[in-house]
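Contents: one structure, followed by commentary.
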Amino acid sequence: QTVVTQEPSFSVSPGGTVTLTCGLSSGSVSASYYPSWYQQTPGQPPRTLIYSTNTRSSGVPDRFSGSILGNKAALTITGAQADDESDYYCVLYMGSGISVFGGGTKLTVL
Amino acid sequence: QVTLRESGPALVKPTQTLTLTCTFSGFSLSTSGMCVTWIRQPPGKALEWLARIDWDGDKYYSTSLKTRLTISKETSKNQVVLTMTNMDPVDTATYYCARIYSNNYPSLFDSWGQGILVTVSS
């Protein structure tokens, strides 16, 4: 089964820019995988940030952006803030109704 | 306002069958393109997509769990039910249901329930 890969952890300084990626164990991520990104804080359900590669969900600040970088989907946070410290998950649509989450990235802002 | 709420047992024994219900409001699963999906998260671990049911009754399952899962809907009651057979302690997790408001955006889970923690233990 195809595995969706994410960096286990990342750190960014307040005000800095960070790019998290979402790849495949075999092959390249493209827009046809409809990559989406979710933010989760402890004890809460995930919050939708980005869907279909680069569309921001309602109410999401424009410092969050999505793209395809090389062979991966990417989530870029520009001007990181303390409350961006969260777990970030990507999900890819594999076709035939099936979606697969990545292992998540724990982002530290310090 | 769209809301979803998961309900079911908090504790099940190994080998038992888990039945979870997602009760939703603010949308209808008879609307073309609408879907409901189940996702779980073991304590301290990553999210895992489990299953999806569409407005037209199509059903889809995680490749690794499809032999154990059944998803169904009761449209008139605004409910989606997930059953998982042969439960094991590794299935201990918070189980979420979520809405996919259009199958044109199949990985957009735009509204989530609060989740229900299910523990598998004898």
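Ordered as shown in the structure tokens, chains take letters A, B, and onward, while each chain numbers its residues from 1 and ligands are numbered from 1 in the order shown.
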
Please provide the set of residues having any atom within 6 Å of B:Thr37, restricted to only C-alpha atoms, with same-chain residues fewer than 5 positions apart removed, written as a list in words.
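Near neighbours after the sequence-gap exclusion: Ala51, Arg52, Cys97 and Ala98 of chain B.
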
Neighbouring residues of stretch 45-50 of chain A were defined as those with any atom within 8 Å, considering only C-alpha atoms; residues of the same chain fewer than 5 positions away were excluded. Please report them as a ChimeraX atom specification.
/A:36-40,55-57,60,64-66 /B:96,108-110,112-115

Residues as selected, N, CA and C atoms, written as an mmCIF file, in the first residue's frame, can you do that?
```cif
data_model
loop_
_atom_site.group_PDB
_atom_site.id
_atom_site.type_symbol
_atom_site.label_atom_id
_atom_site.label_comp_id
_atom_site.auth_asym_id
_atom_site.auth_seq_id
_atom_site.Cartn_x
_atom_site.Cartn_y
_atom_site.Cartn_z
ATOM 1 N N SER A 36 -4.880 17.906 0.585
ATOM 2 C CA SER A 36 -5.495 18.782 1.573
ATOM 3 C C SER A 36 -4.626 18.796 2.819
ATOM 4 N N TRP A 37 -4.771 19.868 3.581
ATOM 5 C CA TRP A 37 -3.980 20.043 4.804
ATOM 6 C C TRP A 37 -4.895 20.366 5.974
ATOM 7 N N TYR A 38 -4.573 19.745 7.118
ATOM 8 C CA TYR A 38 -5.358 19.928 8.332
ATOM 9 C C TYR A 38 -4.434 20.280 9.478
ATOM 10 N N GLN A 39 -4.932 21.143 10.346
ATOM 11 C CA GLN A 39 -4.208 21.550 11.548
ATOM 12 C C GLN A 39 -4.925 20.984 12.755
ATOM 13 N N GLN A 40 -4.176 20.414 13.694
ATOM 14 C CA GLN A 40 -4.803 19.838 14.875
ATOM 15 C C GLN A 40 -4.040 20.221 16.131
ATOM 16 N N THR A 55 -6.363 25.788 -2.298
ATOM 17 C CA THR A 55 -7.543 26.568 -1.946
ATOM 18 C C THR A 55 -7.663 26.652 -0.428
ATOM 19 N N ARG A 56 -7.644 27.862 0.079
ATOM 20 C CA ARG A 56 -7.780 28.038 1.527
ATOM 21 C C ARG A 56 -9.215 27.845 1.960
ATOM 22 N N SER A 57 -9.383 27.139 3.052
ATOM 23 C CA SER A 57 -10.715 26.973 3.610
ATOM 24 C C SER A 57 -11.180 28.300 4.198
ATOM 25 N N VAL A 60 -9.384 30.855 6.943
ATOM 26 C CA VAL A 60 -7.958 30.554 7.128
ATOM 27 C C VAL A 60 -7.124 31.746 6.665
ATOM 28 N N PHE A 64 -1.203 31.057 5.287
ATOM 29 C CA PHE A 64 -1.153 29.636 4.968
ATOM 30 C C PHE A 64 -1.391 29.488 3.462
ATOM 31 N N SER A 65 -0.496 28.789 2.804
ATOM 32 C CA SER A 65 -0.683 28.576 1.371
ATOM 33 C C SER A 65 -0.262 27.164 0.997
ATOM 34 N N GLY A 66 -0.883 26.652 -0.045
ATOM 35 C CA GLY A 66 -0.575 25.309 -0.512
ATOM 36 C C GLY A 66 -0.070 25.337 -1.940
ATOM 37 N N TYR B 96 -13.640 9.705 14.550
ATOM 38 C CA TYR B 96 -14.310 10.914 14.075
ATOM 39 C C TYR B 96 -15.167 10.596 12.851
ATOM 40 N N LEU B 108 -11.609 16.934 1.020
ATOM 41 C CA LEU B 108 -12.024 18.085 1.819
ATOM 42 C C LEU B 108 -13.042 17.628 2.849
ATOM 43 N N PHE B 109 -12.546 17.428 4.062
ATOM 44 C CA PHE B 109 -13.406 17.048 5.180
ATOM 45 C C PHE B 109 -13.725 18.342 5.915
ATOM 46 N N ASP B 110 -14.810 18.987 5.521
ATOM 47 C CA ASP B 110 -14.977 20.378 5.929
ATOM 48 C C ASP B 110 -15.614 20.570 7.287
ATOM 49 N N TRP B 112 -16.242 18.422 11.090
ATOM 50 C CA TRP B 112 -15.884 17.235 11.878
ATOM 51 C C TRP B 112 -16.723 17.164 13.147
ATOM 52 N N GLY B 113 -16.982 15.941 13.599
ATOM 53 C CA GLY B 113 -17.505 15.775 14.941
ATOM 54 C C GLY B 113 -16.391 15.958 15.958
ATOM 55 N N GLN B 114 -16.756 15.947 17.223
ATOM 56 C CA GLN B 114 -15.760 16.093 18.289
ATOM 57 C C GLN B 114 -14.982 14.802 18.531
ATOM 58 N N GLY B 115 -15.507 13.698 18.012
ATOM 59 C CA GLY B 115 -14.823 12.418 18.173
ATOM 60 C C GLY B 115 -15.292 11.666 19.403
#
```

Nearest residue to chain A out of B:Ile100, B:Ile71, B:Leu47, B:Leu117, using only C-alpha atoms?
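Among B:Ile100, B:Ile71, B:Leu47, B:Leu117, it is B:Leu47 that comes nearest to chain A.
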
Check which residues of chain B sit at most 12 Å from chain A using only C-alpha atoms, and return one row each with the closest pair of atoms and their distance in Å to one decimal, ordered by chain and rising number, as CSV.
```
residue,atom,partner,partner_atom,distance
B:Leu4,CA,A:Pro45,CA,11.5
B:Arg5,CA,A:Pro45,CA,11.7
B:Cys35,CA,A:Gly97,CA,10.3
B:Val36,CA,A:Gly97,CA,11.5
B:Thr37,CA,A:Ser99,CA,9.9
B:Trp38,CA,A:Ser99,CA,10.8
B:Ile39,CA,A:Phe101,CA,9.5
B:Arg40,CA,A:Pro45,CA,10.4
B:Gln41,CA,A:Pro45,CA,9.9
B:Pro42,CA,A:Gly103,CA,12.0
B:Pro43,CA,A:Gly43,CA,10.1
B:Gly44,CA,A:Pro42,CA,9.2
B:Lys45,CA,A:Gly103,CA,8.0
B:Ala46,CA,A:Gly103,CA,5.3
B:Leu47,CA,A:Phe101,CA,6.3
B:Glu48,CA,A:Phe101,CA,5.9
B:Trp49,CA,A:Val100,CA,5.9
B:Leu50,CA,A:Ser99,CA,8.4
B:Ala51,CA,A:Ile98,CA,7.7
B:Arg52,CA,A:Gly97,CA,7.3
B:Ile53,CA,A:Gly97,CA,8.9
B:Asp54,CA,A:Gly97,CA,9.3
B:Asp58,CA,A:Gly97,CA,8.9
B:Lys59,CA,A:Gly97,CA,7.8
B:Tyr60,CA,A:Gly97,CA,5.5
B:Tyr61,CA,A:Ile98,CA,6.6
B:Ser62,CA,A:Ile98,CA,6.5
B:Thr63,CA,A:Gln1,CA,7.8
B:Ser64,CA,A:Gln1,CA,8.2
B:Leu65,CA,A:Ile98,CA,11.8
B:Lys66,CA,A:Ile98,CA,10.9
B:Thr94,CA,A:Pro45,CA,9.6
B:Tyr95,CA,A:Pro45,CA,10.0
B:Tyr96,CA,A:Pro45,CA,7.9
B:Cys97,CA,A:Pro45,CA,10.0
B:Ala98,CA,A:Pro45,CA,9.8
B:Arg99,CA,A:Thr48,CA,11.5
B:Ile100,CA,A:Gly97,CA,11.4
B:Ser102,CA,A:Ser52,CA,11.9
B:Asn103,CA,A:Gly97,CA,8.8
B:Asn104,CA,A:Tyr34,CA,9.4
B:Tyr105,CA,A:Ser52,CA,6.7
B:Pro106,CA,A:Tyr93,CA,6.5
B:Ser107,CA,A:Tyr93,CA,5.9
B:Leu108,CA,A:Tyr51,CA,5.8
B:Phe109,CA,A:Thr48,CA,7.1
B:Asp110,CA,A:Thr48,CA,6.2
B:Ser111,CA,A:Arg47,CA,8.2
B:Trp112,CA,A:Pro45,CA,6.6
B:Gly113,CA,A:Pro45,CA,7.2
B:Gln114,CA,A:Pro45,CA,5.8
B:Gly115,CA,A:Pro45,CA,7.0
B:Ile116,CA,A:Pro45,CA,10.5
B:Leu117,CA,A:Gly43,CA,10.9
```

One decimal, in Å: what's the spacing between atom CA of A:Thr2 and atom CA of A:Leu24?
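So the two atoms, atom CA of A:Thr2 and atom CA of A:Leu24, lie 6.8 Å apart.
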
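Note that DSSP on the backbone gives helix (DSSP H, G or I) to these residues of chain A: Ala31, Ser32, Tyr33, Ala82, Asp83 and Asp84 of chain A.
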
Can you list, as a list in words, every protein, DNA or RNA residue that comes within 8 Å of A:Ala80 when you count only C-alpha atoms, leaving out same-chain residues fewer than 6 positions away?
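Contacts, with the query itself left out: Val12, Ser13, Pro14, Gly15, Gly16, Thr17, Val18 and Val109 of chain A.
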
Those selected residues, please, written with C-alpha atoms and delivered as an mmCIF file, in the first residue's frame.
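Okay, selection-v5.cif is ready:
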```
data_model
loop_
_atom_site.group_PDB
_atom_site.id
_atom_site.type_symbol
_atom_site.label_atom_id
_atom_site.label_comp_id
_atom_site.auth_asym_id
_atom_site.auth_seq_id
_atom_site.Cartn_x
_atom_site.Cartn_y
_atom_site.Cartn_z
ATOM 1 C CA VAL A 12 10.289 27.657 12.948
ATOM 2 C CA SER A 13 11.081 30.960 14.607
ATOM 3 C CA PRO A 14 8.270 33.410 15.276
ATOM 4 C CA GLY A 15 7.815 35.500 12.155
ATOM 5 C CA GLY A 16 9.655 32.985 10.046
ATOM 6 C CA THR A 17 8.569 30.930 7.079
ATOM 7 C CA VAL A 18 8.298 27.167 7.014
ATOM 8 C CA VAL A 109 7.374 27.682 16.997
#
```

Report as a list in words all protein, DNA and RNA residues lying within 8 Å of A:Ser9, evaluated on only C-alpha atoms, omitting residues in the same chain fewer than 2 positions from it.
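Those residues are Glu7, Ser11, Thr105, Lys106, Leu107 and Thr108 of chain A.
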
Choose the residue, out of A:Cys22, A:Ala31, A:Leu110, A:Leu75, that has the smallest atom-to-atom separation from A:Pro8; count only C-alpha atoms.
A:Cys22

Considering only C-alpha atoms, return as a PDB file with C-alpha atoms, in the first residue's frame whatever protein or nucleic-acid residues lie within 10 Å of B:Thr19, sequence-local ones (same chain, fewer than 4 positions apart) excluded.
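Below you can see result_36.pdb, which holds the result:
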```
ATOM      1  CA  SER B   7     -21.949   8.054  19.549  1.00  0.00           C
ATOM      2  CA  GLY B   8     -21.297   4.509  20.652  1.00  0.00           C
ATOM      3  CA  PRO B   9     -19.582   2.509  23.370  1.00  0.00           C
ATOM      4  CA  VAL B  12     -15.377  -2.799  23.922  1.00  0.00           C
ATOM      5  CA  LEU B  69     -15.513  -2.408   8.132  1.00  0.00           C
ATOM      6  CA  THR B  70     -19.074  -1.775   7.060  1.00  0.00           C
ATOM      7  CA  ILE B  71     -20.528   1.687   6.530  1.00  0.00           C
ATOM      8  CA  VAL B  81     -23.232   3.925  10.959  1.00  0.00           C
ATOM      9  CA  LEU B  82     -19.792   2.324  10.984  1.00  0.00           C
ATOM     10  CA  THR B  83     -19.210  -1.203  12.200  1.00  0.00           C
ATOM     11  CA  MET B  84     -15.807  -2.716  12.796  1.00  0.00           C
ATOM     12  CA  THR B  85     -15.516  -6.401  13.563  1.00  0.00           C
TER      13      THR B  85
END
```

I'd like the interatomic distance between atom CA of B:Ala10 and atom CA of B:Phe24, to a tenth of an Å.
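Taking atom CA of B:Ala10 and atom CA of B:Phe24, their separation equals 19.6 Å.
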
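As for atom CA of A:Ala74 and atom CA of A:Thr53, they are spaced 8.2 Å apart.
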
Tell me which protein, DNA and RNA residues are within 8 Å of B:Trp55, counting only C-alpha atoms, leaving out same-chain ones fewer than 5 positions away, and put them as a PyMOL selection string.
chain B and resi 29-35

Running DSSP on the backbone, which parts of chain A land in strand (DSSP E), as a PyMOL selection string?
chain A and resi 4-6+9-12+17-24+36-40+47-51+55-56+64-69+72-78+87-95+98-101+105-109

Find the spatial neighbours of B:Pro14, counting only C-alpha atoms, within a cut-off of 9 Å - ignore same-chain residues fewer than 4 positions away - and output them as a PyMOL selection string.
chain B and resi 86-89+120-122

Please, could you write that set of residues out with N, CA, C and O atoms as a PDB file, in the first residue's frame?
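Result file follows (part_13.pdb):
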```pdb
ATOM      1  N   ASN B  86     -14.208  -7.766  15.031  1.00  0.00           N
ATOM      2  CA  ASN B  86     -12.988  -8.350  15.595  1.00  0.00           C
ATOM      3  C   ASN B  86     -12.052  -7.294  16.180  1.00  0.00           C
ATOM      4  O   ASN B  86     -10.878  -7.208  15.821  1.00  0.00           O
ATOM      5  N   MET B  87     -12.577  -6.505  17.078  1.00  0.00           N
ATOM      6  CA  MET B  87     -11.806  -5.420  17.671  1.00  0.00           C
ATOM      7  C   MET B  87     -10.612  -5.947  18.467  1.00  0.00           C
ATOM      8  O   MET B  87     -10.683  -7.005  19.117  1.00  0.00           O
ATOM      9  N   ASP B  88      -9.550  -5.173  18.424  1.00  0.00           N
ATOM     10  CA  ASP B  88      -8.277  -5.516  19.073  1.00  0.00           C
ATOM     11  C   ASP B  88      -7.785  -4.294  19.835  1.00  0.00           C
ATOM     12  O   ASP B  88      -8.148  -3.163  19.489  1.00  0.00           O
ATOM     13  N   PRO B  89      -6.969  -4.480  20.869  1.00  0.00           N
ATOM     14  CA  PRO B  89      -6.458  -3.295  21.586  1.00  0.00           C
ATOM     15  C   PRO B  89      -5.804  -2.253  20.676  1.00  0.00           C
ATOM     16  O   PRO B  89      -5.846  -1.060  21.003  1.00  0.00           O
ATOM     17  N   VAL B 120     -10.316  -0.520  23.632  1.00  0.00           N
ATOM     18  CA  VAL B 120     -10.502  -1.957  23.487  1.00  0.00           C
ATOM     19  C   VAL B 120      -9.692  -2.644  24.575  1.00  0.00           C
ATOM     20  O   VAL B 120      -8.455  -2.589  24.572  1.00  0.00           O
ATOM     21  N   SER B 121     -10.386  -3.264  25.489  1.00  0.00           N
ATOM     22  CA  SER B 121      -9.718  -3.904  26.626  1.00  0.00           C
ATOM     23  C   SER B 121     -10.636  -4.943  27.237  1.00  0.00           C
ATOM     24  O   SER B 121     -11.857  -4.772  27.247  1.00  0.00           O
ATOM     25  N   SER B 122     -10.020  -5.983  27.738  1.00  0.00           N
ATOM     26  CA  SER B 122     -10.804  -7.014  28.412  1.00  0.00           C
ATOM     27  C   SER B 122     -11.001  -6.677  29.884  1.00  0.00           C
ATOM     28  O   SER B 122     -11.727  -7.377  30.601  1.00  0.00           O
TER      29      SER B 122
END
```

Among the residues A:Ser67, A:Thr41, A:Gln6, A:Ser86, the one that comes closest to A:Gly23 [using only C-alpha atoms]:
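Of all the options, A:Gln6 lies closest to A:Gly23.
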
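Across B:Lys77, B:Ala93, B:Arg68, B:Tyr101, the tightest approach to B:Thr15 is made by B:Arg68 when counting only C-alpha atoms.
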
Measuring atom to atom with only C-alpha atoms, identify which of B:Gln16, B:Thr119, B:Ser72, B:Asn78 is nearest to B:Thr3.
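Closest residue, counting only C-alpha atoms: B:Asn78.
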